[in-house]
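Source file run-v9.cif; content: mmCIF, N, CA, C and O atoms.
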data_structure
#
loop_
_atom_site.label_atom_id
_atom_site.label_comp_id
_atom_site.auth_asym_id
_atom_site.auth_seq_id
_atom_site.Cartn_x
_atom_site.Cartn_y
_atom_site.Cartn_z
N LYS A 28 8.48 -3.35 17.83
CA LYS A 28 7.25 -2.61 17.64
C LYS A 28 7.26 -2.04 16.24
O LYS A 28 8.14 -1.28 15.88
N ARG A 29 6.28 -2.41 15.44
CA ARG A 29 6.18 -1.91 14.08
C ARG A 29 5.16 -0.78 14.05
O ARG A 29 4.17 -0.79 14.76
N HIS A 30 5.40 0.17 13.19
CA HIS A 30 4.53 1.33 13.07
C HIS A 30 4.31 1.62 11.59
O HIS A 30 5.25 1.59 10.81
N VAL A 31 3.07 1.91 11.22
CA VAL A 31 2.75 2.23 9.84
C VAL A 31 2.83 3.73 9.64
O VAL A 31 2.29 4.50 10.43
N VAL A 32 3.55 4.14 8.61
CA VAL A 32 3.67 5.55 8.27
C VAL A 32 2.69 5.83 7.14
O VAL A 32 2.76 5.21 6.09
N GLY A 33 1.75 6.74 7.38
CA GLY A 33 0.70 7.02 6.39
C GLY A 33 1.23 7.76 5.18
O GLY A 33 2.14 8.58 5.28
N PRO A 34 0.66 7.46 4.01
CA PRO A 34 1.07 8.17 2.79
C PRO A 34 0.54 9.60 2.80
O PRO A 34 -0.46 9.90 3.44
N ALA A 35 1.22 10.47 2.09
CA ALA A 35 0.79 11.86 1.99
C ALA A 35 -0.51 11.94 1.20
O ALA A 35 -0.74 11.17 0.28
N VAL A 36 -1.36 12.89 1.58
CA VAL A 36 -2.61 13.11 0.85
C VAL A 36 -2.27 13.70 -0.51
O VAL A 36 -1.46 14.61 -0.62
N GLN A 37 -2.89 13.15 -1.53
CA GLN A 37 -2.69 13.65 -2.89
C GLN A 37 -3.99 14.26 -3.37
O GLN A 37 -5.04 13.66 -3.26
N ARG A 38 -3.90 15.46 -3.91
CA ARG A 38 -5.08 16.16 -4.40
C ARG A 38 -4.91 16.49 -5.88
O ARG A 38 -3.81 16.46 -6.40
N ASP A 39 -6.01 16.80 -6.52
CA ASP A 39 -6.01 17.26 -7.92
C ASP A 39 -5.48 16.22 -8.90
O ASP A 39 -4.93 16.58 -9.94
N LEU A 40 -5.62 14.93 -8.57
CA LEU A 40 -5.30 13.89 -9.54
C LEU A 40 -6.46 13.79 -10.52
O LEU A 40 -7.62 13.89 -10.14
N THR A 41 -6.16 13.63 -11.77
CA THR A 41 -7.22 13.56 -12.77
C THR A 41 -7.36 12.13 -13.29
O THR A 41 -6.38 11.39 -13.37
N PRO A 42 -8.58 11.74 -13.65
CA PRO A 42 -8.80 10.40 -14.20
C PRO A 42 -7.90 10.14 -15.40
O PRO A 42 -7.66 11.03 -16.22
N GLY A 43 -7.39 8.92 -15.45
CA GLY A 43 -6.52 8.52 -16.55
C GLY A 43 -5.05 8.77 -16.29
O GLY A 43 -4.22 8.40 -17.11
N THR A 44 -4.72 9.39 -15.16
CA THR A 44 -3.31 9.65 -14.84
C THR A 44 -2.78 8.56 -13.91
O THR A 44 -3.53 7.73 -13.41
N ASN A 45 -1.50 8.61 -13.66
CA ASN A 45 -0.84 7.67 -12.76
C ASN A 45 -0.32 8.41 -11.54
O ASN A 45 -0.04 9.60 -11.60
N THR A 46 -0.18 7.68 -10.45
CA THR A 46 0.41 8.25 -9.25
C THR A 46 1.23 7.17 -8.55
O THR A 46 1.09 5.99 -8.85
N GLN A 47 2.07 7.58 -7.65
CA GLN A 47 2.92 6.67 -6.88
C GLN A 47 2.65 6.88 -5.40
O GLN A 47 2.59 8.01 -4.93
N VAL A 48 2.44 5.79 -4.67
CA VAL A 48 2.20 5.84 -3.23
C VAL A 48 3.17 4.86 -2.58
O VAL A 48 3.41 3.78 -3.11
N ARG A 49 3.70 5.23 -1.42
CA ARG A 49 4.62 4.34 -0.70
C ARG A 49 3.93 3.80 0.54
O ARG A 49 3.54 4.57 1.41
N ALA A 50 3.78 2.49 0.60
CA ALA A 50 3.29 1.84 1.81
C ALA A 50 4.53 1.63 2.69
O ALA A 50 5.41 0.85 2.34
N THR A 51 4.62 2.35 3.79
CA THR A 51 5.83 2.37 4.61
C THR A 51 5.57 1.82 6.00
O THR A 51 4.59 2.20 6.64
N VAL A 52 6.46 0.95 6.46
CA VAL A 52 6.42 0.39 7.81
C VAL A 52 7.71 0.77 8.51
O VAL A 52 8.79 0.59 7.96
N ALA A 53 7.59 1.33 9.71
CA ALA A 53 8.77 1.73 10.49
C ALA A 53 8.91 0.84 11.72
O ALA A 53 7.91 0.42 12.30
N ASN A 54 10.13 0.56 12.12
CA ASN A 54 10.39 -0.22 13.33
C ASN A 54 10.75 0.77 14.43
O ASN A 54 11.85 1.32 14.46
N ASN A 55 9.81 0.99 15.36
CA ASN A 55 10.04 1.90 16.49
C ASN A 55 10.42 1.14 17.75
O ASN A 55 10.44 1.73 18.83
N GLY A 56 10.70 -0.13 17.65
CA GLY A 56 11.03 -0.95 18.80
C GLY A 56 12.53 -1.00 19.06
O GLY A 56 13.30 -0.21 18.53
N ASN A 57 12.93 -1.97 19.87
CA ASN A 57 14.35 -2.12 20.20
C ASN A 57 14.94 -3.44 19.71
O ASN A 57 16.06 -3.78 20.05
N ARG A 58 14.17 -4.17 18.88
CA ARG A 58 14.65 -5.42 18.27
C ARG A 58 14.38 -5.40 16.78
O ARG A 58 13.42 -4.78 16.32
N THR A 59 15.19 -6.11 16.04
CA THR A 59 15.00 -6.20 14.59
C THR A 59 13.75 -7.02 14.28
O THR A 59 13.53 -8.07 14.88
N ALA A 60 12.94 -6.52 13.38
CA ALA A 60 11.76 -7.25 12.90
C ALA A 60 12.19 -8.05 11.68
O ALA A 60 12.56 -7.47 10.66
N ASP A 61 12.20 -9.37 11.79
CA ASP A 61 12.69 -10.22 10.71
C ASP A 61 11.71 -10.30 9.53
O ASP A 61 12.13 -10.46 8.40
N ARG A 62 10.43 -10.21 9.80
CA ARG A 62 9.42 -10.28 8.74
C ARG A 62 8.13 -9.68 9.27
O ARG A 62 7.92 -9.59 10.46
N ALA A 63 7.27 -9.30 8.34
CA ALA A 63 5.97 -8.73 8.71
C ALA A 63 4.99 -9.00 7.57
O ALA A 63 5.38 -9.29 6.44
N LEU A 64 3.71 -8.92 7.89
CA LEU A 64 2.65 -8.99 6.89
C LEU A 64 2.07 -7.59 6.75
O LEU A 64 1.72 -6.95 7.73
N LEU A 65 1.96 -7.14 5.52
CA LEU A 65 1.44 -5.82 5.22
C LEU A 65 0.13 -5.97 4.45
O LEU A 65 0.09 -6.64 3.42
N SER A 66 -0.93 -5.38 4.97
CA SER A 66 -2.22 -5.39 4.31
C SER A 66 -2.40 -4.06 3.58
O SER A 66 -2.15 -3.00 4.15
N ILE A 67 -2.80 -4.14 2.31
CA ILE A 67 -2.98 -2.94 1.49
C ILE A 67 -4.38 -2.96 0.89
O ILE A 67 -4.87 -4.01 0.49
N TYR A 68 -5.00 -1.79 0.84
CA TYR A 68 -6.32 -1.65 0.21
C TYR A 68 -6.32 -0.40 -0.66
O TYR A 68 -5.88 0.67 -0.23
N SER A 69 -6.75 -0.54 -1.90
CA SER A 69 -6.97 0.61 -2.77
C SER A 69 -8.44 0.58 -3.20
O SER A 69 -8.95 -0.46 -3.59
N SER A 70 -9.10 1.71 -3.07
CA SER A 70 -10.53 1.75 -3.37
C SER A 70 -10.80 1.66 -4.87
O SER A 70 -9.88 1.68 -5.69
N TYR A 71 -12.07 1.57 -5.20
CA TYR A 71 -12.56 1.28 -6.54
C TYR A 71 -11.93 2.13 -7.65
O TYR A 71 -11.64 1.64 -8.72
N GLY A 72 -11.72 3.42 -7.40
CA GLY A 72 -11.22 4.32 -8.43
C GLY A 72 -9.72 4.27 -8.65
O GLY A 72 -9.19 5.00 -9.49
N LEU A 73 -9.02 3.44 -7.91
CA LEU A 73 -7.57 3.28 -8.07
C LEU A 73 -7.27 1.85 -8.49
O LEU A 73 -7.82 0.90 -7.93
N ARG A 74 -6.39 1.68 -9.44
CA ARG A 74 -6.01 0.34 -9.90
C ARG A 74 -4.51 0.19 -9.80
O ARG A 74 -3.75 1.10 -10.15
N PHE A 75 -4.07 -0.96 -9.32
CA PHE A 75 -2.64 -1.25 -9.25
C PHE A 75 -2.09 -1.37 -10.67
O PHE A 75 -2.58 -2.18 -11.46
N LYS A 76 -1.09 -0.58 -11.01
CA LYS A 76 -0.47 -0.66 -12.33
C LYS A 76 0.44 -1.88 -12.42
O LYS A 76 0.64 -2.44 -13.49
N GLU A 77 1.02 -2.25 -11.30
CA GLU A 77 1.89 -3.43 -11.23
C GLU A 77 1.58 -4.15 -9.94
O GLU A 77 1.11 -3.54 -8.98
N ARG A 78 1.82 -5.43 -9.94
CA ARG A 78 1.55 -6.23 -8.75
C ARG A 78 2.85 -6.86 -8.29
O ARG A 78 3.52 -7.51 -9.08
N HIS A 79 3.18 -6.64 -7.03
CA HIS A 79 4.43 -7.15 -6.46
C HIS A 79 4.36 -8.66 -6.27
O HIS A 79 3.32 -9.20 -5.89
N SER A 80 5.46 -9.33 -6.53
CA SER A 80 5.49 -10.79 -6.44
C SER A 80 5.35 -11.31 -5.01
O SER A 80 4.98 -12.45 -4.81
N ASN A 81 5.63 -10.46 -4.02
CA ASN A 81 5.52 -10.89 -2.62
C ASN A 81 4.13 -10.60 -2.04
O ASN A 81 3.92 -10.72 -0.84
N CYS A 82 3.17 -10.24 -2.92
CA CYS A 82 1.81 -9.92 -2.48
C CYS A 82 0.80 -10.82 -3.17
O CYS A 82 0.99 -11.22 -4.31
N GLU A 83 -0.29 -11.08 -2.47
CA GLU A 83 -1.42 -11.79 -3.05
C GLU A 83 -2.57 -10.80 -3.13
O GLU A 83 -2.91 -10.16 -2.14
N TYR A 84 -3.17 -10.65 -4.31
CA TYR A 84 -4.19 -9.64 -4.57
C TYR A 84 -5.56 -10.27 -4.72
O TYR A 84 -5.70 -11.34 -5.30
N ARG A 85 -6.58 -9.56 -4.23
CA ARG A 85 -7.98 -9.96 -4.40
C ARG A 85 -8.76 -8.73 -4.85
O ARG A 85 -8.82 -7.73 -4.14
N ASP A 86 -9.35 -8.82 -6.04
CA ASP A 86 -10.16 -7.74 -6.57
C ASP A 86 -11.61 -7.93 -6.14
O ASP A 86 -12.15 -9.04 -6.24
N HIS A 87 -12.23 -6.85 -5.68
CA HIS A 87 -13.62 -6.85 -5.26
C HIS A 87 -14.31 -5.65 -5.89
O HIS A 87 -13.66 -4.74 -6.40
N ALA A 88 -15.62 -5.60 -5.82
CA ALA A 88 -16.38 -4.49 -6.40
C ALA A 88 -16.02 -3.15 -5.76
O ALA A 88 -16.08 -2.11 -6.40
N ILE A 89 -15.62 -3.16 -4.50
CA ILE A 89 -15.30 -1.92 -3.79
C ILE A 89 -13.83 -1.53 -3.89
O ILE A 89 -13.44 -0.46 -3.43
N GLY A 90 -13.00 -2.40 -4.43
CA GLY A 90 -11.57 -2.09 -4.54
C GLY A 90 -10.73 -3.36 -4.57
O GLY A 90 -11.24 -4.46 -4.78
N THR A 91 -9.44 -3.19 -4.33
CA THR A 91 -8.51 -4.31 -4.34
C THR A 91 -7.80 -4.41 -3.00
O THR A 91 -7.33 -3.40 -2.46
N PHE A 92 -7.76 -5.62 -2.48
CA PHE A 92 -7.04 -5.91 -1.24
C PHE A 92 -5.79 -6.70 -1.58
O PHE A 92 -5.82 -7.54 -2.47
N ALA A 93 -4.70 -6.44 -0.87
CA ALA A 93 -3.46 -7.20 -1.06
C ALA A 93 -2.89 -7.56 0.30
O ALA A 93 -2.97 -6.77 1.24
N LEU A 94 -2.31 -8.73 0.40
CA LEU A 94 -1.59 -9.15 1.59
C LEU A 94 -0.17 -9.44 1.16
O LEU A 94 0.06 -10.28 0.29
N CYS A 95 0.79 -8.71 1.72
CA CYS A 95 2.19 -8.80 1.30
C CYS A 95 3.06 -9.34 2.41
O CYS A 95 2.92 -8.93 3.57
N VAL A 96 3.97 -10.22 2.07
CA VAL A 96 4.95 -10.74 3.02
C VAL A 96 6.22 -9.91 2.85
O VAL A 96 6.79 -9.85 1.76
N LEU A 97 6.63 -9.26 3.93
CA LEU A 97 7.86 -8.47 3.92
C LEU A 97 8.94 -9.29 4.60
O LEU A 97 9.00 -9.37 5.82
N ASP A 98 9.78 -9.94 3.80
CA ASP A 98 10.82 -10.82 4.32
C ASP A 98 12.10 -10.08 4.68
O ASP A 98 13.02 -10.66 5.22
N GLU A 99 12.18 -8.81 4.33
CA GLU A 99 13.38 -8.03 4.60
C GLU A 99 13.40 -7.59 6.07
O GLU A 99 12.43 -7.01 6.57
N ALA A 100 14.50 -7.87 6.77
CA ALA A 100 14.62 -7.46 8.18
C ALA A 100 14.68 -5.94 8.28
O ALA A 100 15.32 -5.28 7.47
N VAL A 101 13.97 -5.41 9.29
CA VAL A 101 13.96 -3.97 9.53
C VAL A 101 14.49 -3.74 10.94
O VAL A 101 13.87 -4.14 11.92
N ALA A 102 15.64 -3.11 11.03
CA ALA A 102 16.30 -2.85 12.31
C ALA A 102 15.59 -1.70 13.05
O ALA A 102 14.88 -0.91 12.42
N PRO A 103 15.77 -1.59 14.35
CA PRO A 103 15.18 -0.48 15.09
C PRO A 103 15.57 0.87 14.48
O PRO A 103 16.72 1.09 14.12
N GLY A 104 14.57 1.72 14.31
CA GLY A 104 14.80 3.05 13.75
C GLY A 104 14.76 3.09 12.23
O GLY A 104 14.82 4.16 11.64
N GLU A 105 14.68 1.93 11.57
CA GLU A 105 14.65 1.90 10.11
C GLU A 105 13.23 1.73 9.59
O GLU A 105 12.31 1.43 10.35
N GLN A 106 13.07 1.94 8.28
CA GLN A 106 11.77 1.80 7.62
C GLN A 106 11.89 0.87 6.42
O GLN A 106 12.97 0.73 5.85
N TYR A 107 10.77 0.27 6.06
CA TYR A 107 10.66 -0.51 4.83
C TYR A 107 9.54 0.13 4.03
O TYR A 107 8.43 0.33 4.54
N ALA A 108 9.81 0.48 2.78
CA ALA A 108 8.80 1.10 1.93
C ALA A 108 8.53 0.24 0.72
O ALA A 108 9.46 -0.25 0.08
N LEU A 109 7.27 0.04 0.43
CA LEU A 109 6.85 -0.71 -0.75
C LEU A 109 6.22 0.31 -1.72
O LEU A 109 5.06 0.70 -1.55
N PRO A 110 6.99 0.80 -2.71
CA PRO A 110 6.43 1.77 -3.65
C PRO A 110 5.36 1.11 -4.52
O PRO A 110 5.55 0.01 -5.01
N THR A 111 4.24 1.79 -4.66
CA THR A 111 3.11 1.23 -5.37
C THR A 111 2.63 2.20 -6.44
O THR A 111 2.26 3.33 -6.14
N ALA A 112 2.65 1.75 -7.69
CA ALA A 112 2.17 2.56 -8.80
C ALA A 112 0.68 2.31 -9.00
O ALA A 112 0.25 1.16 -9.06
N LEU A 113 -0.09 3.39 -9.07
CA LEU A 113 -1.53 3.29 -9.21
C LEU A 113 -2.01 4.08 -10.42
O LEU A 113 -1.43 5.10 -10.78
N ARG A 114 -3.07 3.60 -11.02
CA ARG A 114 -3.73 4.30 -12.13
C ARG A 114 -5.03 4.88 -11.59
O ARG A 114 -5.79 4.17 -10.92
N VAL A 115 -5.27 6.15 -11.84
CA VAL A 115 -6.50 6.81 -11.40
C VAL A 115 -7.57 6.51 -12.45
O VAL A 115 -7.43 6.89 -13.61
N GLY A 116 -8.62 5.80 -12.04
CA GLY A 116 -9.67 5.40 -12.97
C GLY A 116 -10.58 6.55 -13.38
O GLY A 116 -10.60 7.60 -12.74
N ARG A 117 -11.33 6.33 -14.42
CA ARG A 117 -12.18 7.40 -14.95
C ARG A 117 -13.33 7.76 -14.02
O ARG A 117 -13.92 8.82 -14.13
N ASN A 118 -13.69 6.87 -13.09
CA ASN A 118 -14.77 7.15 -12.12
C ASN A 118 -14.22 7.53 -10.75
O ASN A 118 -14.95 7.49 -9.77
N ALA A 119 -12.97 7.87 -10.66
CA ALA A 119 -12.34 8.17 -9.37
C ALA A 119 -12.91 9.44 -8.74
O ALA A 119 -13.09 10.45 -9.41
N LEU A 120 -13.18 9.36 -7.44
CA LEU A 120 -13.65 10.51 -6.67
C LEU A 120 -13.48 10.17 -5.19
O LEU A 120 -14.06 9.20 -4.71
N TYR A 121 -12.66 10.92 -4.48
CA TYR A 121 -12.42 10.69 -3.05
C TYR A 121 -11.98 9.25 -2.78
O TYR A 121 -12.60 8.53 -2.00
N GLU A 122 -10.91 8.83 -3.41
CA GLU A 122 -10.43 7.45 -3.28
C GLU A 122 -9.52 7.29 -2.07
O GLU A 122 -9.03 8.26 -1.51
N ARG A 123 -9.30 6.02 -1.69
CA ARG A 123 -8.48 5.71 -0.52
C ARG A 123 -7.39 4.72 -0.88
O ARG A 123 -7.58 3.84 -1.71
N PHE A 124 -6.27 4.87 -0.21
CA PHE A 124 -5.19 3.88 -0.25
C PHE A 124 -4.78 3.68 1.20
O PHE A 124 -4.27 4.60 1.84
N ASP A 125 -5.06 2.52 1.75
CA ASP A 125 -4.77 2.24 3.15
C ASP A 125 -3.79 1.08 3.25
O ASP A 125 -3.79 0.18 2.41
N HIS A 126 -2.96 1.11 4.29
CA HIS A 126 -2.10 -0.03 4.57
C HIS A 126 -1.90 -0.16 6.07
O HIS A 126 -1.97 0.83 6.81
N SER A 127 -1.71 -1.39 6.51
CA SER A 127 -1.50 -1.65 7.93
C SER A 127 -0.69 -2.94 8.10
O SER A 127 -0.65 -3.78 7.21
N VAL A 128 -0.06 -3.05 9.24
CA VAL A 128 0.69 -4.26 9.58
C VAL A 128 -0.26 -5.22 10.25
O VAL A 128 -1.03 -4.84 11.11
N VAL A 129 -0.23 -6.48 9.79
CA VAL A 129 -1.11 -7.50 10.39
C VAL A 129 -0.31 -8.44 11.22
O VAL A 129 0.79 -8.74 10.94
#

Give the structure from this file in structure tokens form.
Amino acid sequence: KRHVVGPAVQRDLTPGTNTQVRATVANNGNRTADRALLSIYSSYGLRFKERHSNCEYRDHAIGTFALCVLDEAVAPGEQYALPTALRVGRNALYERFDHSVV
């Protein structure tokens, strides 16, 4: 059983600055998860500063979607975190960073 751990809410970020968000998946089951697909979305006012090689990115007018293959095994009780560096755009206001296991 995989579980997504939500990132902490960040406030008072100013346009033109950078921030770091961790997309985290936890294994709450009783068997090792050998691989998983992680879906990531960052809204229009956030831009990925770097793109991970295990992810495929699609830019859209409303934001960027990524689908990532997590090949690292996650044992019961452990977590896998994908640190993500983001740039806060000049038009940023009430932005979102979402991730889920697919």

Gap from atom CA of A:Ser127 to atom CA of A:Leu97 - Å, one decimal
12.3 Å

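Coordinates place atom C of A:Phe75 at a distance of 20.1 Å from atom CA of A:Tyr107.
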
Of the candidates A:Tyr71, A:Ala112, A:Asn55, A:Gln106, which one gets nearest to A:His87 if we count all atoms listed in the file?
A:Tyr71

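When the PyMOL selection byres ((chain A and resi 76-81) around 4.5) is evaluated on the file shown here, the picked residues come out as Arg74, Phe75, Cys82, Glu83, Leu94, Cys95, Val96, Ala112 and Leu113 of chain A.
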
Can I get the selected residues back with N, CA, C and O atoms, as a PDB file, keeping the file's coordinate frame?
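Output below, filename selection.pdb:
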ATOM      1  N   ARG A  74      -6.390   1.680  -9.440  1.00  0.00           N
ATOM      2  CA  ARG A  74      -6.010   0.340  -9.900  1.00  0.00           C
ATOM      3  C   ARG A  74      -4.510   0.190  -9.800  1.00  0.00           C
ATOM      4  O   ARG A  74      -3.750   1.100 -10.150  1.00  0.00           O
ATOM      5  N   PHE A  75      -4.070  -0.960  -9.320  1.00  0.00           N
ATOM      6  CA  PHE A  75      -2.640  -1.250  -9.250  1.00  0.00           C
ATOM      7  C   PHE A  75      -2.090  -1.370 -10.670  1.00  0.00           C
ATOM      8  O   PHE A  75      -2.580  -2.180 -11.460  1.00  0.00           O
ATOM      9  N   CYS A  82       3.170 -10.240  -2.920  1.00  0.00           N
ATOM     10  CA  CYS A  82       1.810  -9.920  -2.480  1.00  0.00           C
ATOM     11  C   CYS A  82       0.800 -10.820  -3.170  1.00  0.00           C
ATOM     12  O   CYS A  82       0.990 -11.220  -4.310  1.00  0.00           O
ATOM     13  N   GLU A  83      -0.290 -11.080  -2.470  1.00  0.00           N
ATOM     14  CA  GLU A  83      -1.420 -11.790  -3.050  1.00  0.00           C
ATOM     15  C   GLU A  83      -2.570 -10.800  -3.130  1.00  0.00           C
ATOM     16  O   GLU A  83      -2.910 -10.160  -2.140  1.00  0.00           O
ATOM     17  N   LEU A  94      -2.310  -8.730   0.400  1.00  0.00           N
ATOM     18  CA  LEU A  94      -1.590  -9.150   1.590  1.00  0.00           C
ATOM     19  C   LEU A  94      -0.170  -9.440   1.160  1.00  0.00           C
ATOM     20  O   LEU A  94       0.060 -10.280   0.290  1.00  0.00           O
ATOM     21  N   CYS A  95       0.790  -8.710   1.720  1.00  0.00           N
ATOM     22  CA  CYS A  95       2.190  -8.800   1.300  1.00  0.00           C
ATOM     23  C   CYS A  95       3.060  -9.340   2.410  1.00  0.00           C
ATOM     24  O   CYS A  95       2.920  -8.930   3.570  1.00  0.00           O
ATOM     25  N   VAL A  96       3.970 -10.220   2.070  1.00  0.00           N
ATOM     26  CA  VAL A  96       4.950 -10.740   3.020  1.00  0.00           C
ATOM     27  C   VAL A  96       6.220  -9.910   2.850  1.00  0.00           C
ATOM     28  O   VAL A  96       6.790  -9.850   1.760  1.00  0.00           O
ATOM     29  N   ALA A 112       2.650   1.750  -7.690  1.00  0.00           N
ATOM     30  CA  ALA A 112       2.170   2.560  -8.800  1.00  0.00           C
ATOM     31  C   ALA A 112       0.680   2.310  -9.000  1.00  0.00           C
ATOM     32  O   ALA A 112       0.250   1.160  -9.060  1.00  0.00           O
ATOM     33  N   LEU A 113      -0.090   3.390  -9.070  1.00  0.00           N
ATOM     34  CA  LEU A 113      -1.530   3.290  -9.210  1.00  0.00           C
ATOM     35  C   LEU A 113      -2.010   4.080 -10.420  1.00  0.00           C
ATOM     36  O   LEU A 113      -1.430   5.100 -10.780  1.00  0.00           O
TER      37      LEU A 113
END

Closest of A:Arg123, A:Leu109, A:Ser66, A:Arg117 to A:Val52, counting only N, CA, C and O atoms, is A:Leu109

Would you work out the distance separating atom O of A:Val129 from atom O of A:Ser70, expressed in Å to one decimal?
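Separating atom O of A:Val129 from atom O of A:Ser70 is a distance of 22.3 Å.
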
Please list, as a list in words, the residues that have an atom at most 5 Å away from (7.1, 1.3, 0.2) in the coordinates of this file, counting all atoms listed in the file.
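Those residues lying close to the given coordinates are Arg49, Ala50, Thr51, Tyr107, Ala108, Leu109 and Pro110 of chain A.
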
Closest of A:Leu64, A:Ala88, A:Thr59, A:Tyr121 to A:Ala100 - atom-to-atom distances counting all atoms listed in the file:
A:Thr59

Which is closest to A:Gly104 among A:Ala53, A:Val128, A:Ile89, A:Leu120, if we use only N, CA, C and O atoms?
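For A:Gly104, the nearest of the given residues is A:Ala53.
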
To verify the selection step, state as a compact mmCIF listing (two decimals) with N, CA, C and O atoms, in the coordinates of the input which residues the PyMOL selection byres ((chain A and resi 61) around 8) yields on this input.
# COMPACT_ATOMS: atom_id res chain seq x y z
N ARG A 58 14.17 -4.17 18.88
CA ARG A 58 14.65 -5.42 18.27
C ARG A 58 14.38 -5.40 16.78
O ARG A 58 13.42 -4.78 16.32
N THR A 59 15.19 -6.11 16.04
CA THR A 59 15.00 -6.20 14.59
C THR A 59 13.75 -7.02 14.28
O THR A 59 13.53 -8.07 14.88
N ALA A 60 12.94 -6.52 13.38
CA ALA A 60 11.76 -7.25 12.90
C ALA A 60 12.19 -8.05 11.68
O ALA A 60 12.56 -7.47 10.66
N ARG A 62 10.43 -10.21 9.80
CA ARG A 62 9.42 -10.28 8.74
C ARG A 62 8.13 -9.68 9.27
O ARG A 62 7.92 -9.59 10.46
N ALA A 63 7.27 -9.30 8.34
CA ALA A 63 5.97 -8.73 8.71
C ALA A 63 4.99 -9.00 7.57
O ALA A 63 5.38 -9.29 6.44
N LEU A 97 6.63 -9.26 3.93
CA LEU A 97 7.86 -8.47 3.92
C LEU A 97 8.94 -9.29 4.60
O LEU A 97 9.00 -9.37 5.82
N ASP A 98 9.78 -9.94 3.80
CA ASP A 98 10.82 -10.82 4.32
C ASP A 98 12.10 -10.08 4.68
O ASP A 98 13.02 -10.66 5.22
N GLU A 99 12.18 -8.81 4.33
CA GLU A 99 13.38 -8.03 4.60
C GLU A 99 13.40 -7.59 6.07
O GLU A 99 12.43 -7.01 6.57
N ALA A 100 14.50 -7.87 6.77
CA ALA A 100 14.62 -7.46 8.18
C ALA A 100 14.68 -5.94 8.28
O ALA A 100 15.32 -5.28 7.47
N VAL A 101 13.97 -5.41 9.29
CA VAL A 101 13.96 -3.97 9.53
C VAL A 101 14.49 -3.74 10.94
O VAL A 101 13.87 -4.14 11.92
N ALA A 102 15.64 -3.11 11.03
CA ALA A 102 16.30 -2.85 12.31
C ALA A 102 15.59 -1.70 13.05
O ALA A 102 14.88 -0.91 12.42

From chain A, collect each residue whose DSSP state is strand (DSSP E or B) and return the set as a ChimeraX atom specification.
/A:29-32,45-54,60,63-70,73-75,82-87,90-97,101,106-115,124-128
